[in-house]
$ cat work00.csv   # CSV, C-alpha atoms and all ligand atoms
chain,number,residue,atom,x,y,z
A,445,MET,CA,-3.1,27.6,-10.5
A,446,GLU,CA,-1.9,28.8,-13.8
A,447,THR,CA,-4.0,31.3,-15.6
A,448,LYS,CA,-4.3,32.7,-19.1
A,449,HIS,CA,-5.6,36.1,-19.9
A,450,GLU,CA,-7.2,37.5,-23.1
A,451,MET,CA,-7.7,41.1,-24.1
A,452,LYS,CA,-11.3,42.0,-25.1
A,453,ILE,CA,-12.7,45.2,-26.1
A,454,VAL,CA,-16.3,46.3,-25.5
A,455,ILE,CA,-17.7,49.4,-27.1
A,456,CYS,CA,-19.6,51.8,-24.8
A,457,PRO,CA,-23.3,51.3,-25.8
A,458,ASN,CA,-24.1,55.0,-25.6
A,459,ASP,CA,-24.3,55.9,-29.4
A,460,LYS,CA,-22.9,59.3,-28.8
A,461,CYS,CA,-19.9,57.9,-27.0
A,462,LYS,CA,-18.8,54.5,-28.4
A,463,THR,CA,-15.6,54.6,-26.4
A,464,PRO,CA,-13.7,51.3,-26.6
A,465,ILE,CA,-13.2,49.8,-23.1
A,466,ARG,CA,-10.4,47.3,-22.5
A,467,LEU,CA,-11.1,44.2,-20.5
A,468,SER,CA,-8.8,41.4,-19.4
A,469,GLU,CA,-10.6,38.0,-19.2
A,470,GLY,CA,-8.7,35.4,-17.2
A,471,ARG,CA,-9.2,31.6,-17.3
A,472,PHE,CA,-7.8,29.0,-15.0
A,473,LEU,CA,-6.0,26.4,-17.1
A,474,GLY,CA,-7.3,23.0,-16.3
A,475,GLY,CA,-9.7,24.3,-13.6
A,476,GLU,CA,-13.2,25.5,-13.1
A,477,ASN,CA,-14.1,28.8,-14.8
A,478,ASP,CA,-17.1,30.8,-13.6
A,479,LYS,CA,-19.5,32.3,-16.0
A,480,GLY,CA,-20.8,35.7,-15.1
A,481,GLY,CA,-20.3,39.3,-15.8
A,482,VAL,CA,-19.5,42.8,-14.6
A,483,VAL,CA,-21.3,46.1,-14.4
A,484,ILE,CA,-19.2,48.7,-16.1
A,485,GLU,CA,-19.2,52.5,-15.9
A,486,CYS,CA,-17.8,54.2,-19.0
A,487,GLU,CA,-15.2,56.7,-17.8
A,488,VAL,CA,-16.0,59.1,-20.7
A,489,CYS,CA,-19.8,59.4,-20.6
A,490,LYS,CA,-20.6,57.6,-17.3
A,491,THR,CA,-23.0,55.2,-18.9
A,492,ILE,CA,-23.6,52.1,-16.8
A,493,PHE,CA,-24.0,48.8,-18.5
A,494,PRO,CA,-23.7,45.1,-17.9
A,495,CYS,CA,-21.1,42.9,-19.8
A,496,ARG,CA,-20.4,39.2,-19.8
A,497,LEU,CA,-17.0,38.2,-18.4
A,498,LYS,CA,-15.7,34.9,-17.2
A,499,ASN,CA,-14.3,34.7,-13.6
A,500,PRO,CA,-15.4,38.3,-12.9
A,501,TYR,CA,-14.7,38.3,-9.2
A,502,ASP,CA,-11.1,37.1,-9.0
A,503,ILE,CA,-8.9,37.2,-12.1
A,504,SER,CA,-10.8,39.2,-14.8
A,505,SER,CA,-10.9,43.0,-14.7
A,506,VAL,CA,-11.7,46.2,-16.5
A,507,ILE,CA,-8.3,47.6,-17.6
A,508,LYS,CA,-8.9,50.9,-19.3
A,509,ASN,CA,-11.5,53.5,-20.1
A,510,GLY,CA,-14.0,51.9,-17.7
A,511,LYS,CA,-14.6,51.1,-14.1
A,512,LYS,CA,-16.1,47.9,-12.6
A,513,LEU,CA,-18.9,48.8,-10.3
A,514,ASP,CA,-20.1,45.2,-9.5
A,515,ASP,CA,-19.9,41.6,-10.7
A,516,TRP,CA,-22.0,38.4,-10.7
A,517,THR,CA,-21.6,34.8,-11.4
A,518,GLU,CA,-24.0,32.7,-13.6
A,519,ASP,CA,-27.0,34.9,-14.7
A,520,LEU,CA,-27.4,38.6,-14.1
A,521,PRO,CA,-29.3,38.7,-10.8
A,522,ASP,CA,-32.4,40.9,-10.4
A,523,LEU,CA,-30.8,42.6,-7.4
A,524,ILE,CA,-27.9,43.9,-9.4
A,525,ALA,CA,-30.0,44.6,-12.5
A,526,ASN,CA,-32.3,46.8,-10.3
A,527,LYS,CA,-29.6,48.5,-8.4
A,528,TYR,CA,-27.9,49.8,-11.6
A,529,ASN,CA,-31.0,49.9,-13.7
A,530,VAL,CA,-29.6,47.6,-16.3
A,531,SER,CA,-31.2,44.6,-18.1
A,532,LYS,CA,-30.4,41.2,-19.5
A,533,ASP,CA,-31.4,42.4,-23.0
A,534,GLN,CA,-28.4,44.8,-23.0
A,535,LEU,CA,-26.0,41.8,-22.6
A,536,ASP,CA,-26.9,40.5,-26.0
A,537,LYS,CA,-26.7,43.8,-27.8
A,538,LEU,CA,-23.2,44.7,-26.7
A,539,ASP,CA,-20.5,45.0,-29.3
A,540,ILE,CA,-17.7,43.0,-27.8
A,541,SER,CA,-14.7,41.5,-29.5
A,542,LEU,CA,-11.6,39.4,-28.7
A,543,VAL,CA,-8.7,41.3,-30.1
A,544,PHE,CA,-5.7,39.7,-28.7
A,545,GLY,CA,-5.0,36.2,-27.5
A,546,TYR,CA,-2.5,37.0,-24.8
A,547,GLU,CA,-2.9,39.5,-22.0
A,548,PRO,CA,-0.9,39.7,-18.9
A,549,PRO,CA,-2.6,39.0,-15.6
A,550,PRO,CA,-3.5,42.5,-14.2
A,551,LYS,CA,-1.5,42.0,-11.0
A,552,ILE,CA,1.5,40.0,-10.2
A,553,ASN,CA,1.0,36.8,-8.1
A,554,TRP,CA,4.0,36.0,-5.8
A,555,GLU,CA,5.1,32.4,-5.3
A,556,PRO,CA,8.3,31.2,-3.5
A,557,SER,CA,11.1,30.4,-6.0
A,558,ASP,CA,13.3,27.3,-6.0
A,559,LEU,CA,16.2,29.8,-6.5
A,560,PRO,CA,15.2,32.0,-3.6
A,561,LEU,CA,16.4,35.6,-3.2
A,562,PHE,CA,15.8,35.1,0.5
A,563,LEU,CA,18.0,32.2,1.6
A,564,ASN,CA,19.9,31.6,4.9
A,565,ASN,CA,22.0,28.6,5.7
A,566,ASN,CA,20.3,26.7,2.9
A,567,ILE,CA,16.9,27.4,4.3
A,568,ASN,CA,14.5,28.7,1.6
A,569,LEU,CA,13.0,31.5,3.6
A,570,GLU,CA,10.5,32.3,0.8
A,571,LYS,CA,8.9,28.9,1.4
A,572,ILE,CA,8.8,29.4,5.2
A,573,ALA,CA,7.4,32.9,4.7
A,574,LYS,CA,4.7,31.5,2.5
A,575,GLN,CA,3.8,29.0,5.3
A,576,GLN,CA,3.6,31.9,7.8
A,577,LEU,CA,1.4,33.9,5.4
A,578,ILE,CA,-1.0,30.9,5.1
A,579,LYS,CA,-0.9,30.5,8.9
A,580,TYR,CA,-2.2,34.1,9.4
A,581,ILE,CA,-4.5,34.3,6.4
A,582,THR,CA,-7.7,34.3,8.3
A,583,GLU,CA,-6.5,37.1,10.6
A,584,ILE,CA,-5.2,39.1,7.7
A,585,ASP,CA,-8.5,38.9,5.9
A,586,ASN,CA,-10.3,39.8,9.1
A,587,ASN,CA,-8.1,42.9,9.5
A,588,TYR,CA,-8.7,43.9,5.9
A,589,ARG,CA,-12.5,43.5,6.5
A,590,ALA,CA,-12.3,45.8,9.6
A,591,TYR,CA,-10.2,48.3,7.6
A,592,TYR,CA,-12.7,48.2,4.8
A,593,HIS,CA,-15.2,50.4,6.8
A,594,LEU,CA,-12.6,53.1,7.4
A,595,TYR,CA,-11.3,52.9,3.8
A,596,VAL,CA,-14.6,53.4,2.1
A,597,LYS,CA,-15.3,56.5,4.2
A,598,GLY,CA,-12.3,57.9,2.4
A,599,ARG,CA,-10.5,59.3,5.5
A,600,HIS,CA,-8.2,56.4,5.9
A,601,SER,CA,-7.3,55.4,2.4
A,602,ALA,CA,-3.7,54.4,1.5
A,603,GLU,CA,-2.5,53.1,-1.8
A,604,LYS,CA,-0.1,50.6,-0.4
A,605,SER,CA,-0.6,48.0,2.3
A,606,PHE,CA,2.1,46.0,4.2
A,607,VAL,CA,1.7,42.8,6.1
A,608,ILE,CA,4.6,42.2,8.5
A,609,ILE,CA,5.1,38.8,10.1
A,610,ASN,CA,7.6,38.2,12.9
A,611,TYR,CA,8.2,34.6,13.5
A,612,GLU,CA,10.7,32.1,14.8
A,613,TYR,CA,12.1,29.2,12.9
A,614,LEU,CA,14.7,26.7,14.2
A,615,GLY,CA,15.6,29.1,17.1
A,616,THR,CA,16.1,32.2,14.9
A,617,SER,CA,13.8,35.2,14.9
A,618,TYR,CA,12.8,36.5,11.4
A,619,LYS,CA,10.8,39.3,10.0
A,620,ALA,CA,8.9,38.8,6.6
A,621,VAL,CA,7.3,41.8,4.9
A,622,PHE,CA,4.6,41.4,2.2
A,623,ALA,CA,3.2,44.3,0.3
A,624,LYS,CA,0.3,45.0,-2.1
A,625,GLU,CA,-1.3,47.9,-4.0
A,626,ILE,CA,-4.7,49.1,-2.9
A,627,ASP,CA,-6.4,50.5,-6.0
A,628,SER,CA,-9.9,50.2,-4.6
A,629,GLU,CA,-11.7,48.5,-1.7
A,630,ARG,CA,-11.7,45.3,-3.8
A,631,ASP,CA,-8.0,45.0,-3.0
A,632,LEU,CA,-8.6,44.7,0.7
A,633,ASN,CA,-7.8,41.0,0.9
A,634,THR,CA,-4.8,38.7,0.9
A,635,ARG,CA,-4.6,38.2,-2.8
A,636,ASN,CA,-1.5,39.5,-4.6
A,637,LEU,CA,0.6,40.0,-1.5
A,638,TYR,CA,4.3,40.1,-2.5
A,639,LEU,CA,7.2,39.2,-0.3
A,640,ILE,CA,9.5,42.3,-0.6
A,641,TYR,CA,11.7,41.9,2.4
A,642,HIS,CA,13.0,39.2,4.7
A,643,SER,CA,15.5,39.6,7.6
A,644,GLY,CA,18.4,37.3,8.1
A,645,VAL,CA,19.5,37.3,4.5
A,646,ASN,CA,22.7,38.6,2.9
A,647,ILE,CA,21.4,39.8,-0.4
A,648,GLU,CA,24.8,40.9,-1.7
A,649,TYR,CA,26.1,37.3,-1.1
A,650,GLN,CA,23.0,35.7,-2.5
A,651,VAL,CA,22.8,37.7,-5.8
A,652,ASP,CA,26.4,37.3,-7.0
A,653,GLY,CA,27.4,34.9,-9.7
A,654,ILE,CA,26.3,33.3,-13.0
A,655,TYR,CA,22.7,32.4,-13.5
A,656,THR,CA,20.4,31.6,-16.4
A,657,ARG,CA,18.3,34.3,-17.9
A,658,ASP,CA,15.1,32.6,-16.6
A,659,GLN,CA,16.6,32.6,-13.1
A,660,LEU,CA,17.5,36.3,-13.4
A,661,LEU,CA,14.0,37.2,-14.4
A,662,VAL,CA,12.9,35.9,-11.0
A,663,PHE,CA,15.6,37.9,-9.2
A,664,LEU,CA,14.6,41.0,-11.2
A,665,GLU,CA,11.0,40.5,-10.5
A,666,ARG,CA,11.8,40.4,-6.8
A,667,PHE,CA,13.6,43.7,-6.9
A,668,LEU,CA,11.1,45.4,-9.2
A,669,ASN,CA,8.4,44.7,-6.7
A,670,ARG,CA,10.5,45.6,-3.7
A,671,TRP,CA,11.3,48.9,-5.3
A,672,ARG,CA,7.7,49.4,-6.4
A,673,TYR,CA,6.7,49.6,-2.8
A,674,THR,CA,9.7,51.1,-1.1
A,675,ALA,CA,11.9,53.1,-3.5
A,676,LYS,CA,11.5,56.7,-4.5
A,677,GLU,CA,12.4,56.1,-8.1
A,678,VAL,CA,13.3,53.2,-10.3
A,679,LEU,CA,15.8,53.4,-13.2
A,680,LEU,CA,16.0,50.5,-15.7
A,681,ILE,CA,18.9,50.9,-18.1
A,682,VAL,CA,18.6,48.0,-20.5
A,683,PRO,CA,19.5,48.0,-24.2
A,684,PHE,CA,17.5,44.9,-25.2
A,685,ILE,CA,14.1,43.4,-24.2
A,686,GLY,CA,13.3,40.2,-26.1
A,687,PHE,CA,14.8,39.0,-29.3
A,688,ASN,CA,14.6,39.9,-32.9
A,689,TYR,CA,14.2,36.2,-34.1
A,690,LYS,CA,11.4,34.8,-36.1
A,691,ASN,CA,8.6,33.2,-34.0
A,692,THR,CA,9.8,35.0,-30.9
A,693,GLU,CA,7.2,37.7,-31.1
A,694,ASP,CA,5.0,36.1,-28.4
A,695,ALA,CA,7.9,35.9,-26.0
A,696,LEU,CA,8.8,39.4,-26.7
A,697,TYR,CA,5.3,40.6,-26.1
A,698,GLN,CA,5.1,38.7,-22.9
A,699,LEU,CA,8.4,40.2,-21.6
A,700,TRP,CA,7.1,43.7,-22.2
A,701,ASN,CA,3.8,42.8,-20.4
A,702,TRP,CA,5.8,41.2,-17.6
A,703,LEU,CA,7.7,44.4,-17.2
A,704,GLU,CA,4.5,46.4,-17.2
A,705,ILE,CA,2.9,44.5,-14.3
A,706,ASN,CA,6.0,44.6,-12.2
A,707,VAL,CA,6.7,48.3,-12.1
A,708,ASP,CA,4.9,51.4,-10.9
A,709,ILE,CA,5.0,53.4,-14.1
A,710,SER,CA,4.7,56.8,-12.3
A,711,LYS,CA,8.2,56.5,-10.8
A,712,THR,CA,10.0,54.3,-13.3
A,713,LYS,CA,12.3,55.5,-16.0
A,714,LEU,CA,13.0,52.9,-18.8
A,715,ILE,CA,16.1,53.8,-20.8
A,716,THR,CA,16.5,51.5,-23.8
A,717,ARG,CA,17.3,51.5,-27.5
A,718,LYS,CA,14.9,52.8,-30.0
A,719,GLY,CA,15.2,49.6,-31.9
A,720,THR,CA,14.1,47.7,-28.8
A,721,PHE,CA,10.9,49.6,-28.6
A,722,ASN,CA,10.3,49.2,-32.4
A,723,LEU,CA,10.6,45.4,-32.0
A,724,PHE,CA,7.8,45.6,-29.5
A,725,LYS,CA,5.7,47.6,-32.0
A,726,ASN,CA,6.3,45.0,-34.7
A,727,ALA,CA,5.4,42.2,-32.4
A,728,GLN,CA,2.2,43.9,-31.5
A,729,ASP,CA,1.5,44.4,-35.2
A,730,ASN,CA,1.9,40.7,-35.8
A,731,THR,CA,-0.5,39.5,-33.1
A,732,GLY,CA,-3.9,40.5,-34.3
A,733,ILE,CA,-4.3,44.2,-33.5
A,734,PRO,CA,-1.8,46.7,-35.0
A,735,PHE,CA,0.1,49.0,-32.7
A,736,GLU,CA,-1.3,52.1,-34.3
A,737,GLU,CA,-4.8,50.8,-33.9
A,738,LEU,CA,-4.2,50.5,-30.1
A,739,VAL,CA,-2.8,54.1,-30.2
A,740,LYS,CA,-6.0,55.3,-32.0
A,741,LEU,CA,-8.2,53.5,-29.5
A,742,GLY,CA,-6.3,54.9,-26.6
A,743,LEU,CA,-5.8,51.4,-25.2
A,744,LEU,CA,-2.0,51.2,-24.9
A,745,GLU,CA,-0.7,49.8,-21.6
A,746,PRO,CA,0.6,52.7,-19.4
A,747,LEU,CA,4.3,51.8,-19.8
A,748,ILE,CA,4.0,51.5,-23.6
A,749,ASP,CA,1.9,54.6,-23.7
A,750,LYS,CA,4.6,56.5,-21.9
A,751,MET,CA,7.3,55.3,-24.2
A,752,ASN,CA,5.2,56.1,-27.3
A,753,GLN,CA,4.8,59.7,-26.1
A,754,LYS,CA,8.6,59.9,-26.2
A,755,ASP,CA,8.6,60.5,-22.5
A,756,THR,CA,11.4,58.0,-22.4
A,757,GLU,CA,15.1,58.4,-23.1
A,758,TYR,CA,16.5,56.3,-25.9
A,759,PHE,CA,20.1,55.3,-25.5
A,760,GLN,CA,21.9,54.1,-28.7
A,761,LYS,CA,25.5,53.9,-27.9
A,762,SER,CA,25.7,51.8,-24.8
A,763,HIS,CA,25.8,48.2,-23.9
A,764,ALA,CA,25.6,48.7,-20.1
A,765,LYS,CA,22.7,47.2,-18.2
A,766,TYR,CA,21.8,47.9,-14.6
A,767,TYR,CA,18.6,48.1,-12.6
A,768,VAL,CA,18.4,50.7,-9.9
A,769,GLY,CA,16.1,51.4,-6.9
A,770,VAL,CA,16.7,54.9,-5.5
A,771,PHE,CA,16.1,55.5,-1.8
A,772,ASP,CA,16.5,58.5,0.4
A,773,ASN,CA,20.2,58.0,1.2
A,774,TYR,CA,21.4,55.2,-1.0
A,775,VAL,CA,20.6,53.2,-4.2
A,776,GLU,CA,20.2,49.5,-4.6
A,777,VAL,CA,21.7,48.2,-7.9
A,778,LEU,CA,21.5,45.0,-9.9
A,779,SER,CA,24.2,45.0,-12.6
A,780,GLY,CA,25.8,42.5,-15.0
A,781,SER,CA,25.4,41.2,-18.5
A,782,PHE,CA,21.7,40.5,-18.1
A,783,ASN,CA,19.3,42.1,-20.6
A,784,ILE,CA,15.6,41.4,-20.2
A,785,HIS,CA,15.6,38.0,-22.0
A,786,GLN,CA,14.2,34.5,-21.4
A,787,GLY,CA,16.1,31.3,-21.8
A,788,LYS,CA,18.8,29.0,-20.5
A,789,TYR,CA,21.8,31.2,-21.5
A,790,PHE,CA,24.1,32.2,-18.6
A,791,GLU,CA,24.7,35.8,-17.5
A,792,ASN,CA,26.6,37.3,-14.7
A,793,ILE,CA,25.0,39.6,-12.1
A,794,ASN,CA,25.7,41.2,-8.8
A,795,TYR,CA,23.8,43.4,-6.3
A,796,ARG,CA,25.3,46.3,-4.4
A,797,LYS,CA,24.2,49.3,-2.4
A,798,TYR,CA,25.8,52.6,-3.2
A,799,ASP,CA,26.0,56.1,-1.9
A,800,LYS,CA,23.8,58.3,-4.1
A,801,THR,CA,26.4,60.9,-5.0
A,802,PHE,CA,29.0,58.2,-5.8
A,803,PHE,CA,26.6,56.3,-8.0
A,804,LYS,CA,25.5,59.4,-9.9
A,805,GLU,CA,29.2,60.3,-10.6
A,806,ARG,CA,30.2,56.8,-11.7
A,807,TYR,CA,27.0,55.4,-13.3
A,808,LEU,CA,24.8,58.2,-14.4
A,809,HIS,CA,27.2,60.7,-15.9
A,810,MET,CA,26.4,59.9,-19.5
A,811,PHE,CA,22.8,61.1,-19.0
A,812,THR,CA,23.6,64.8,-19.3
A,813,GLY,CA,22.0,66.8,-16.6
A,814,PHE,CA,20.6,63.8,-14.7
A,815,GLU,CA,19.1,64.6,-11.3
A,816,TYR,CA,17.4,62.2,-9.0
A,817,SER,CA,13.7,62.8,-8.8
A,818,ASN,CA,13.2,65.1,-5.8
A,819,ASN,CA,9.5,65.7,-5.9
A,820,VAL,CA,8.5,62.4,-4.2
A,821,LYS,CA,6.5,63.0,-1.0
A,822,ASP,CA,6.5,60.7,1.9
A,823,GLU,CA,3.2,58.9,1.6
A,824,TYR,CA,1.0,57.3,4.2
A,825,VAL,CA,0.7,53.5,3.9
A,826,HIS,CA,-1.4,50.9,5.6
A,827,TYR,CA,0.1,48.1,7.7
A,828,MET,CA,-0.6,45.3,10.1
A,829,THR,CA,1.8,43.1,12.1
A,830,PHE,CA,1.8,39.6,13.5
A,831,GLY,CA,3.9,37.6,15.8
A,832,ILE,CA,5.1,40.2,18.2
A,833,ASN,CA,2.9,43.1,19.2
A,834,ASP,CA,0.1,42.3,16.8
A,835,ASP,CA,-1.2,45.5,15.3
A,836,ASP,CA,-4.5,45.5,13.4
A,837,ASN,CA,-4.7,48.4,11.0
A,838,TYR,CA,-2.4,51.4,11.1
A,839,LEU,CA,-1.4,54.2,8.8
A,840,ILE,CA,2.2,55.3,8.9
A,841,GLY,CA,4.6,57.3,6.8
A,842,LEU,CA,6.4,55.0,4.4
A,843,THR,CA,9.9,56.3,5.5
A,844,GLU,CA,9.1,55.5,9.1
A,845,LEU,CA,7.8,52.1,8.3
A,846,LEU,CA,10.9,51.3,6.3
A,847,GLU,CA,13.2,52.1,9.2
A,848,GLY,CA,14.5,48.8,10.3
A,849,PHE,CA,13.9,47.0,7.0
A,850,GLU,CA,17.3,47.6,5.4
B,901,ZN,ZN,-19.4,56.0,-22.9

$ encode --input "work00.csv" --output "structure tokens"
Amino acid sequence: METKHEMKIVICPNDKCKTPIRLSEGRFLGGENDKGGVVIECEVCKTIFPCRLKNPYDISSVIKNGKKLDDWTEDLPDLIANKYNVSKDQLDKLDISLVFGYEPPPKINWEPSDLPLFLNNNINLEKIAKQQLIKYITEIDNNYRAYYHLYVKGRHSAEKSFVIINYEYLGTSYKAVFAKEIDSERDLNTRNLYLIYHSGVNIEYQVDGIYTRDQLLVFLERFLNRWRYTAKEVLLIVPFIGFNYKNTEDALYQLWNWLEINVDISKTKLITRKGTFNLFKNAQDNTGIPFEELVKLGLLEPLIDKMNQKDTEYFQKSHAKYYVGVFDNYVEVLSGSFNIHQGKYFENINYRKYDKTFFKERYLHMFTGFEYSNNVKDEYVHYMTFGINDDDNYLIGLTELLEGFE
């Protein structure tokens, strides 16, 4: 179901602290919205307090400067009040304000596309993979529940989880791989699983041609999430994000937020024009809370924060656009005329794999002194498999898991 999110700021009730804490409140459009709230711990002074928030369990969250310890629906139950030593009176005294009418959902929600990246003989494998995911959903949740006990002990914690489904469809064997981030034990469930790989697909063939910008946003989303879970490094070389037209600020803001939730900031380098970033700042200024205000409050989203700290290269004299996932021995590249824009205009794009040295010589030479990031350790990830050789909960090096995905 479609959701809309709003940014709210609650001030830490400790008078000596008063740190602003950023919340994202989600609502289901045209659906039931639960009343309720969350117990928050201020990250600065560790004060624990209750705060009202709609849909606290599933789509709302504490984004910055605070941590969610617990949640409830309807009225604050005594059990939780006693556990954290908080009271209903505190709820009415809180300084909480709505500062911005649009907020991205905190995590991306994958759905099959009508223009699938994963297509074989006109079979939309994204839709078939979704059916497979639904078929196994009880088992997957059971596995996560079993893994929960290991995870909370802290000895078996991974930040990424993969669900691998081997299945047969019309006589052909396929492998579908879903992935998700595990930020805390609350992520140990089937929500936000993203299809990042599917066998039996010629991606080079599939991503080659002329598409509308809206269609290309779907392709790019697919690759950004694939790279988020599997690549060592991600390079986004894109002169323009959003338009400088009147009344397009909302769209521009949404595009930046879209980017934000589709990348792992820690390994992503965004190279764009200074003017492009300034457009974002202006759009922010026009939407209720000025950019500099967010800077002062320390509430910028991580991608924007990184750009604002000049940790990002600006690139003025280029019109080239390409999107790159860097792996151990090769790079995956989307390139064409496509900037990050919405709309029905047509753009050309193609996908290729390159040798790393060749790609550096031909495509990265204008970034003086560019080196691929080499400090990326092989990390341990969690996975489970279904279909053939069902495995419940295993930890494995990412490199080893990826063997056989290509
Ligand atoms: Zn505080």

$ residues_near_ligand --input "work00.csv" --ligand "ligand ZN 901 (chain B)" --cutoff "10 Å" --atoms "only C-alpha atoms and all ligand atoms" --output "PyMOL selection string"
chain A and resi 455-465+484-493+509-510

$ closest_residue --input "work00.csv" --among "A:Thr656, A:Ser468, A:Gly831, A:Ala525" --to "Tyr611 of chain A" --atoms "all atoms listed in the file"
A:Gly831

$ atom_distance --input "work00.csv" --atom1 "atom CA of Leu741 of chain A" --atom2 "atom CA of Lys452 of chain A"
12.7 Å

$ residues_around --input "work00.csv" --residues "Ser817 of chain A" --least-positions-apart "5" --cutoff "9 Å" --atoms "only C-alpha atoms" --output "PDB file with C-alpha atoms, in the frame of the given file"
ATOM      1  CA  LYS A 676      11.500  56.700  -4.500  1.00  0.00           C
ATOM      2  CA  GLU A 677      12.400  56.100  -8.100  1.00  0.00           C
ATOM      3  CA  LYS A 711       8.200  56.500 -10.800  1.00  0.00           C
TER       4      LYS A 711
END

$ atom_distance --input "work00.csv" --atom1 "atom CA of Gly470 of chain A" --atom2 "atom CA of Arg635 of chain A"
15.2 Å

$ residues_around --input "work00.csv" --residues "Asn752 of chain A" --least-positions-apart "2" --cutoff "12 Å" --atoms "all atoms listed in the file" --output "list in words"
Leu714, Lys718, Phe721, Asn722, Phe724, Lys725, Phe735, Glu736, Leu738, Val739, Gly742, Leu744, Glu745, Pro746, Leu747, Ile748, Asp749, Lys750, Lys754, Asp755, Thr756, Glu757 and Tyr758 of chain A

$ write_last_selection --input "work00.csv" --atoms "C-alpha atoms" --output "JSON list (two decimals), in the coordinates of the input"
[["chain", "number", "residue", "atom", "x", "y", "z"],
["A", 714, "LEU", "CA", 13.00, 52.90, -18.80],
["A", 718, "LYS", "CA", 14.90, 52.80, -30.00],
["A", 721, "PHE", "CA", 10.90, 49.60, -28.60],
["A", 722, "ASN", "CA", 10.30, 49.20, -32.40],
["A", 724, "PHE", "CA", 7.80, 45.60, -29.50],
["A", 725, "LYS", "CA", 5.70, 47.60, -32.00],
["A", 735, "PHE", "CA", 0.10, 49.00, -32.70],
["A", 736, "GLU", "CA", -1.30, 52.10, -34.30],
["A", 738, "LEU", "CA", -4.20, 50.50, -30.10],
["A", 739, "VAL", "CA", -2.80, 54.10, -30.20],
["A", 742, "GLY", "CA", -6.30, 54.90, -26.60],
["A", 744, "LEU", "CA", -2.00, 51.20, -24.90],
["A", 745, "GLU", "CA", -0.70, 49.80, -21.60],
["A", 746, "PRO", "CA", 0.60, 52.70, -19.40],
["A", 747, "LEU", "CA", 4.30, 51.80, -19.80],
["A", 748, "ILE", "CA", 4.00, 51.50, -23.60],
["A", 749, "ASP", "CA", 1.90, 54.60, -23.70],
["A", 750, "LYS", "CA", 4.60, 56.50, -21.90],
["A", 754, "LYS", "CA", 8.60, 59.90, -26.20],
["A", 755, "ASP", "CA", 8.60, 60.50, -22.50],
["A", 756, "THR", "CA", 11.40, 58.00, -22.40],
["A", 757, "GLU", "CA", 15.10, 58.40, -23.10],
["A", 758, "TYR", "CA", 16.50, 56.30, -25.90]]

$ atom_distance --input "work00.csv" --atom1 "atom CA of Gln786 of chain A" --atom2 "atom CA of Phe684 of chain A"
11.6 Å

$ residues_near_point --input "work00.csv" --point "(1.2, 52.5, 3.4)" --cutoff "6 Å" --atoms "only C-alpha atoms" --output "list of chain:residue names"
A:Ala602, A:Lys604, A:Ser605, A:Tyr824, A:Val825, A:His826, A:Leu842

$ closest_residue --input "work00.csv" --among "A:Ser557, A:Asn587, A:Asn646, A:Ser601" --to "Thr829 of chain A" --atoms "all atoms listed in the file"
A:Asn587

$ residues_near_point --input "work00.csv" --point "(-2.5, 37.8, -7.2)" --cutoff "9 Å" --atoms "all atoms listed in the file" --output "ChimeraX atom specification"
/A:502-503,549-554,634-638
